[in-house]
2 protein chains.
Amino acid sequence: MAYRYPNGKVYRPNKNTPSRQSPPAEKSFANRGMTLEEDINESNDYYIARDIGIIHKKPTPVQIVDVHYPKRSAARITEAYFKQASTTDYNGVFAGRYIDFEAKETRNKTAFPLQNFHDHQAEHMHKVQKQDGIAFVLLRFTVHGETYLYDASRFLHWYYGQSKRKSIPYKELQEHGHPIPLGLHPRLDYLKTVKDVYFH
Amino acid sequence: MAYRYPNGKVYRPNKNTPSRQSPPAEKSFANRGMTLEEDINESNDYYIARDIGIIHKKPTPVQIVDVHYPKRSAARITEAYFKQASTTDYNGVFAGRYIDFEAKETRNKTAFPLQNFHDHQAEHMHKVQKQDGIAFVLLRFTVHGETYLYDASRFLHWYYGQSKRKSIPYKELQEHGHPIPLGLHPRLDYLKTVKDVYFH
């Protein structure tokens with residue numbers, strides 16, 4: 001059984017630290033401070049290096065307004081603004097199939113709030129499915145230390161089915177989401193889950 | 001037969017202009033000034049609106065160094081730099097297949113110079129092919145007014161086969177490229193060519 005700190009992080013005993021001493025420093029916690037995005041990016045690097053799948057995070061969309069071109073040095077963007085993305089953040093190809101997903105985490109314990117998803121992304125996932133692409137979301141409950149792959153069809157049902165204060169209950173994700181265990185190489189082997197769920 | 005100006009643009013007679021007068025103003029030329037990128041983006045909008053295919057251009061990758069957060073207005077990026085892309089510019093899904101390509105144009109008449117492609121992109125296309133994705137380049141000779149779909153395998157042969165001053169001869173593209181005619185809706189129906197070339 002795992003012991004947890006009040007903030008929900010799992011306690012991992014450090015063999016070099018006698019048990020009566022104070023808890024080990026932060027850096028000795030496996031995956032401590034690793035965001036879902038970092039876990040995914042590290043896993044994507046792993047997949048690409050081994051030709052398992054080619055998935056990339058799209059660059060942050062930026063509206064560039066002004067650029068300076070100093071002599072003998074790189075062009076410098078001096079005025080730009082963040083734009084809303086028209087698609088999900090991640091896409092690519094895995095064993096001949098098109099893969100498309102968005103990833104978010106929450107500190108909420110009982111439901112996954114959807115206010116950080118927007119209509120463009122929902123519409124995009126729906127369109128991807130119509131083209132026979134594989135679309136899903138990766139949702140992490142940081143307090144529970146759990147990450148779920150959740151198919152776009154069910155996601156869109158919840159996204160469009162609620163008029164305001166949208167969220168997906170934790171229980172729904174436990175029942176119909178697919179948990180992805182944290183590992184070492186890769187850190188988050190979500191393509192294994194994709195294979196189990198979508199390849200028959 | 002089309003008449004051409006010395007710069008290679010096709011002359012289109014304007015019915016309202018007597019033939020002895022000076023040539024019609026620039027704006028009366030169909031597609032005049034439309035770049036390959038504009039043609040592709042307009043075609044992608046057309047495809048997406050009709051659920052023909054879901055292809056997007058990736059945002060320009062930017063390294064953000066400094067952001068200001070003024071009160072009551074949008075966050076403003078005040079220092080950022082262009083980064084080299086690690087993939088091609090366009091990808092998406094079409095009838096269940098993963099689509100991936102880069103697009104470039106040249107004013108050269110006899111060969112397509114490859115200095116604007118870089119190793120990351122070539123390697124990316126090769127990896128996409130190993131995942132059974134469809135990878136190609138769209139190459140436009142602006143002077144000839146011709147755009148070719150050219151499969152990544154042949155492209156990579158030329159890209160890696162020359163040590164310096166890399167280029168692909170115009171004749172090679174005439175023989176082994178697939179010309180994409182310019183149209184109105186969409187302006188550049190490259191997915192029709194994809195279908196002809198890759199779907200059997």
# chains A, B, ... in the order shown; residues from 1 in each chain; ligands from 1
$ select_by_dssp --residues "region 50-187 of chain A" --states "strand (DSSP E)" --output "MDAnalysis selection string"
chainID A and resid 54:57 62:68 76:82 90:94 97:106 111:113 134:141 146:151 167:169 178:179
$ select_by_dssp --residues "region 32-69 of chain A" --states "helix (DSSP H, G or I)" --output "PyMOL selection string"
chain A and resi 36-49
$ interface_residues --of "chain A" --to "chain B" --cutoff "7 Å" --atoms "only C-alpha atoms" --output "VMD selection string"
chain A and resid 51 53 to 54 58 to 61 75 to 81 93 to 98 127 to 128 131 to 133
$ residues_around --residues "Thr35 (chain B)" --least-positions-apart "2" --cutoff "12 Å" --atoms "only C-alpha atoms" --output "JSON, numbers by chain"
{"B": [31, 32, 33, 37, 38, 39, 40, 41, 42, 103, 104, 105, 106, 107, 139, 140, 141, 142, 145, 147, 187, 188]}
$ residues_around --residues "His178 (chain B)" --least-positions-apart "5" --cutoff "7 Å" --atoms "only C-alpha atoms" --output "ChimeraX atom specification"
/B:148-150
$ write_last_selection --atoms "N, CA and C atoms" --output "PDB file, in the first residue's frame"
ATOM      1  N   TYR B 148       3.950  20.424 -58.038  1.00  0.00           N
ATOM      2  CA  TYR B 148       4.061  18.966 -58.084  1.00  0.00           C
ATOM      3  C   TYR B 148       3.942  18.358 -56.698  1.00  0.00           C
ATOM      4  N   LEU B 149       3.219  17.251 -56.609  1.00  0.00           N
ATOM      5  CA  LEU B 149       3.318  16.382 -55.449  1.00  0.00           C
ATOM      6  C   LEU B 149       4.433  15.391 -55.763  1.00  0.00           C
ATOM      7  N   TYR B 150       5.375  15.268 -54.831  1.00  0.00           N
ATOM      8  CA  TYR B 150       6.564  14.438 -55.084  1.00  0.00           C
ATOM      9  C   TYR B 150       6.790  13.566 -53.846  1.00  0.00           C
TER      10      TYR B 150
END
$ residues_around --residues "Trp158 (chain A)" --least-positions-apart "5" --cutoff "8 Å" --atoms "only C-alpha atoms" --output "JSON, numbers by chain"
{"A": [166, 167, 168]}
$ atom_distance --atom1 "CA of Leu36 (chain A)" --atom2 "CA of His144 (chain A)"
13.4 Å
$ closest_residue --among "A:Phe136, A:Gln174, A:Pro186, A:Pro169" --to "Tyr198 (chain A)" --atoms "only C-alpha atoms"
A:Phe136
